[in-house]
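Printed here is coords.cif (mmCIF, C-alpha atoms):
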```
data_input
loop_
_atom_site.label_atom_id
_atom_site.label_comp_id
_atom_site.auth_asym_id
_atom_site.auth_seq_id
_atom_site.Cartn_x
_atom_site.Cartn_y
_atom_site.Cartn_z
CA MET A 6 -18.16 -0.26 3.53
CA THR A 7 -16.39 1.70 6.25
CA PRO A 8 -12.60 1.65 6.68
CA SER A 9 -12.96 -0.63 9.71
CA ASP A 10 -14.90 -3.16 7.59
CA VAL A 11 -12.29 -3.61 4.87
CA PRO A 12 -10.33 -6.84 4.61
CA SER A 13 -6.91 -6.45 6.18
CA VAL A 14 -3.60 -8.26 6.42
CA ASP A 15 -0.71 -8.24 8.87
CA PRO A 16 2.36 -6.78 7.11
CA ARG A 17 4.27 -10.03 7.73
CA LEU A 18 1.60 -11.98 5.82
CA VAL A 19 1.39 -9.98 2.59
CA GLY A 20 2.91 -12.94 0.75
CA GLU A 21 2.35 -13.04 -3.01
CA ASP A 22 -0.09 -10.10 -3.09
CA LEU A 23 0.98 -7.16 -5.23
CA LEU A 24 1.89 -4.43 -2.73
CA LEU A 25 0.20 -1.20 -3.83
CA ASP A 26 1.56 1.91 -2.08
CA VAL A 27 -0.92 4.80 -2.17
CA ARG A 28 1.25 7.38 -0.38
CA GLU A 29 2.19 10.60 -2.12
CA HIS A 30 5.42 11.08 -4.08
CA ASP A 31 7.47 12.60 -1.24
CA GLU A 32 6.49 9.78 1.12
CA TRP A 33 7.38 7.14 -1.50
CA ASP A 34 10.75 8.79 -2.18
CA ALA A 35 11.58 8.79 1.55
CA GLY A 36 11.23 5.02 1.76
CA HIS A 37 9.08 2.20 0.38
CA ALA A 38 8.93 -1.58 0.30
CA PRO A 39 11.01 -3.22 -2.43
CA GLY A 40 8.82 -4.41 -5.29
CA ALA A 41 5.87 -2.23 -4.33
CA VAL A 42 3.88 -0.44 -7.02
CA HIS A 43 3.40 3.28 -6.42
CA LEU A 44 -0.02 4.77 -7.16
CA PRO A 45 -0.64 7.91 -5.07
CA LEU A 46 -4.14 8.21 -3.67
CA SER A 47 -4.43 11.63 -5.36
CA GLU A 48 -4.10 9.84 -8.74
CA PHE A 49 -5.76 6.58 -7.73
CA VAL A 50 -9.04 6.58 -9.67
CA GLN A 51 -7.54 8.10 -12.83
CA ARG A 52 -4.69 5.56 -12.99
CA LEU A 53 -6.35 2.45 -11.60
CA ASP A 54 -6.22 0.72 -14.99
CA GLU A 55 -2.42 0.53 -14.51
CA VAL A 56 -2.93 -1.98 -11.68
CA PRO A 57 -3.22 -5.61 -12.80
CA ALA A 58 -6.79 -6.82 -12.33
CA ASP A 59 -5.74 -10.47 -12.07
CA ARG A 60 -3.63 -10.10 -8.89
CA ALA A 61 -4.61 -9.90 -5.26
CA LEU A 62 -3.56 -6.55 -3.81
CA ALA A 63 -2.18 -5.55 -0.43
CA VAL A 64 -2.71 -1.78 -0.14
CA VAL A 65 -0.45 0.31 2.08
CA CYS A 66 -0.05 3.95 3.13
CA ARG A 67 1.76 5.51 6.09
CA SER A 68 -0.56 4.34 8.89
CA GLY A 69 -3.37 2.40 7.23
CA HIS A 70 -6.11 5.02 6.96
CA ARG A 71 -5.73 6.14 3.34
CA SER A 72 -5.06 2.58 2.24
CA ALA A 73 -8.26 1.45 3.98
CA SER A 74 -10.21 3.88 1.80
CA ALA A 75 -8.41 2.67 -1.32
CA THR A 76 -9.03 -0.96 -0.32
CA ALA A 77 -12.75 -0.27 0.18
CA TYR A 78 -12.88 1.30 -3.29
CA LEU A 79 -11.10 -1.67 -4.86
CA VAL A 80 -13.35 -4.23 -3.16
CA ALA A 81 -16.46 -2.27 -4.16
CA HIS A 82 -15.23 -2.47 -7.76
CA GLY A 83 -14.69 -6.22 -7.71
CA ARG A 84 -10.97 -6.35 -6.96
CA THR A 85 -9.38 -8.66 -4.41
CA ALA A 86 -7.64 -6.33 -1.96
CA ARG A 87 -6.57 -6.18 1.66
CA ASN A 88 -5.41 -3.21 3.73
CA VAL A 89 -1.96 -3.58 5.29
CA GLU A 90 -2.55 -3.18 9.04
CA GLY A 91 -0.62 -0.23 10.49
CA GLY A 92 0.75 0.83 7.11
CA MET A 93 4.41 1.47 6.39
CA LEU A 94 4.96 2.55 9.99
CA ALA A 95 4.13 -1.00 11.11
CA TRP A 96 6.02 -2.47 8.14
CA ALA A 97 9.24 -0.70 9.13
CA ALA A 98 8.74 -1.31 12.87
CA LEU A 99 8.56 -5.04 12.14
CA GLY A 100 11.93 -4.85 10.40
CA LEU A 101 10.53 -5.59 6.96
CA PRO A 102 12.66 -4.23 4.09
CA VAL A 103 12.47 -0.56 3.12
CA GLU A 104 14.47 1.13 0.37
CA ALA A 105 14.93 4.65 -0.97
CA PRO A 106 16.13 5.81 -4.39
CA GLY A 107 19.73 6.80 -4.91
CA GLY A 108 21.05 4.68 -2.07
CA ARG A 109 19.83 7.17 0.56
CA PRO A 110 18.96 5.76 3.97
CA PRO A 111 15.21 5.08 3.87
CA HIS A 112 12.73 6.39 6.40
CA ILE A 113 8.96 6.46 6.64
CA ALA A 114 7.71 10.02 6.22
#
```
Output the file's structure in the form of structure tokens.
Amino acid sequence: MTPSDVPSVDPRLVGEDLLLDVREHDEWDAGHAPGAVHLPLSEFVQRLDEVPADRALAVVCRSGHRSASATAYLVAHGRTARNVEGGMLAWAALGLPVEAPGGRPPHIA
């Protein structure tokens, strides 16, 4: 499965899927979607058992490329997953909520 073949979802239609953010720690700290679960791509395979297997996943990164790879991996391993089109850049551009720790103004790094 190539990244262009993975199932995808418009950020506005994520719905009840568990949002899985695969960006690295500094990107997450700069700004992320409320309620998202953080699992950096660099730790993805080793920590995948931390992700509930009984939930549909919407996978996001900065622009959608890394999350497409993670989505392909998940689908190949029997998980229900969709790549968030355009990543957090699209999420923020659509005015969807973004937060940062400590009350700092969030931004997408």
- Query: Separation of CA of His43 in chain A and CA of Val27 in chain A, in Å?
  - Reply: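 Computing the Euclidean distance for CA of His43 in chain A and CA of Val27 in chain A yields 6.2 Å.
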- Message: Evaluate the PyMOL selection byres ((chain A and resi 21) around 12) against this structure - the residues, as a list in words, please.
- Response: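 Listing what the PyMOL selection byres ((chain A and resi 21) around 12) selects in the shown file: Pro16, Arg17, Leu18, Val19, Gly20, Asp22, Leu23, Leu24, Gly40, Ala41, Arg60, Ala61, Leu62 and Ala63 of chain A.
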- Quick one: everything within 9 Å of His37 in chain A, counting only C-alpha atoms, minus sequence neighbours fewer than 5 positions away in the same chain. Send it as number ranges by chain. A: 26, 32, 43, 93, 102-105, 111-113
- Query: Which neighbours of Pro45 in chain A fall inside 12 Å, counting all atoms listed in the file, when residues of the same chain fewer than 2 positions from it are skipped, and could you give them as a PyMOL selection string?
  - Reply: chain A and resi 25-34+42-43+47-53+64-67+71-72+75
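For the set A:Arg109, A:Arg87, A:His82, A:His70, the residue with the smallest atom-to-atom gap to Val11 in chain A is A:Arg87, counting all atoms listed in the file.
Distance-wise, CA of Asp10 in chain A and CA of Leu101 in chain A end up 25.6 Å apart.
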- Hey, can you check how far CA of Pro110 in chain A sits from CA of Asn88 in chain A? 26.0 Å
- Give the answer as one residue: which of A:Ala86, A:Leu46, A:Ala95, A:Val56 has the shortest atom-to-atom distance to Gly69 in chain A, using all atoms listed in the file?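 Nearest candidate to Gly69 in chain A out of A:Ala86, A:Leu46, A:Ala95, A:Val56: A:Ala95.
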Since fewer atoms than expected are present, regenerate N, CA and C atoms for range 41-54 of chain A and write them as a PDB file, in the coordinates of the input.
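Dumped everything to out-v2.pdb:
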```
ATOM      1  N   ALA A  41       7.197  -2.842  -4.404  1.00  0.00           N
ATOM      2  CA  ALA A  41       5.870  -2.230  -4.330  1.00  0.00           C
ATOM      3  C   ALA A  41       5.592  -1.427  -5.600  1.00  0.00           C
ATOM      4  N   VAL A  42       4.324  -1.276  -5.908  1.00  0.00           N
ATOM      5  CA  VAL A  42       3.880  -0.440  -7.020  1.00  0.00           C
ATOM      6  C   VAL A  42       3.347   0.853  -6.416  1.00  0.00           C
ATOM      7  N   HIS A  43       3.797   1.979  -6.958  1.00  0.00           N
ATOM      8  CA  HIS A  43       3.400   3.280  -6.420  1.00  0.00           C
ATOM      9  C   HIS A  43       2.245   3.858  -7.222  1.00  0.00           C
ATOM     10  N   LEU A  44       1.142   4.124  -6.551  1.00  0.00           N
ATOM     11  CA  LEU A  44      -0.020   4.770  -7.160  1.00  0.00           C
ATOM     12  C   LEU A  44      -0.618   5.711  -6.118  1.00  0.00           C
ATOM     13  N   PRO A  45      -0.174   6.973  -6.098  1.00  0.00           N
ATOM     14  CA  PRO A  45      -0.640   7.910  -5.070  1.00  0.00           C
ATOM     15  C   PRO A  45      -2.162   8.006  -5.032  1.00  0.00           C
ATOM     16  N   LEU A  46      -2.696   8.119  -3.832  1.00  0.00           N
ATOM     17  CA  LEU A  46      -4.140   8.210  -3.670  1.00  0.00           C
ATOM     18  C   LEU A  46      -4.714   9.382  -4.467  1.00  0.00           C
ATOM     19  N   SER A  47      -3.948  10.465  -4.607  1.00  0.00           N
ATOM     20  CA  SER A  47      -4.430  11.630  -5.360  1.00  0.00           C
ATOM     21  C   SER A  47      -4.599  11.324  -6.847  1.00  0.00           C
ATOM     22  N   GLU A  48      -3.999  10.237  -7.331  1.00  0.00           N
ATOM     23  CA  GLU A  48      -4.100   9.840  -8.740  1.00  0.00           C
ATOM     24  C   GLU A  48      -4.796   8.485  -8.903  1.00  0.00           C
ATOM     25  N   PHE A  49      -5.295   7.961  -7.818  1.00  0.00           N
ATOM     26  CA  PHE A  49      -5.760   6.580  -7.730  1.00  0.00           C
ATOM     27  C   PHE A  49      -6.835   6.222  -8.763  1.00  0.00           C
ATOM     28  N   VAL A  50      -7.926   6.932  -8.780  1.00  0.00           N
ATOM     29  CA  VAL A  50      -9.040   6.580  -9.670  1.00  0.00           C
ATOM     30  C   VAL A  50      -8.641   6.757 -11.135  1.00  0.00           C
ATOM     31  N   GLN A  51      -7.933   7.828 -11.447  1.00  0.00           N
ATOM     32  CA  GLN A  51      -7.540   8.100 -12.830  1.00  0.00           C
ATOM     33  C   GLN A  51      -6.564   7.061 -13.379  1.00  0.00           C
ATOM     34  N   ARG A  52      -5.742   6.466 -12.523  1.00  0.00           N
ATOM     35  CA  ARG A  52      -4.690   5.560 -12.990  1.00  0.00           C
ATOM     36  C   ARG A  52      -4.915   4.104 -12.606  1.00  0.00           C
ATOM     37  N   LEU A  53      -6.090   3.791 -12.094  1.00  0.00           N
ATOM     38  CA  LEU A  53      -6.350   2.450 -11.600  1.00  0.00           C
ATOM     39  C   LEU A  53      -6.171   1.370 -12.661  1.00  0.00           C
ATOM     40  N   ASP A  54      -6.383   1.711 -13.921  1.00  0.00           N
ATOM     41  CA  ASP A  54      -6.220   0.720 -14.990  1.00  0.00           C
ATOM     42  C   ASP A  54      -4.772   0.260 -15.142  1.00  0.00           C
TER      43      ASP A  54
END
```
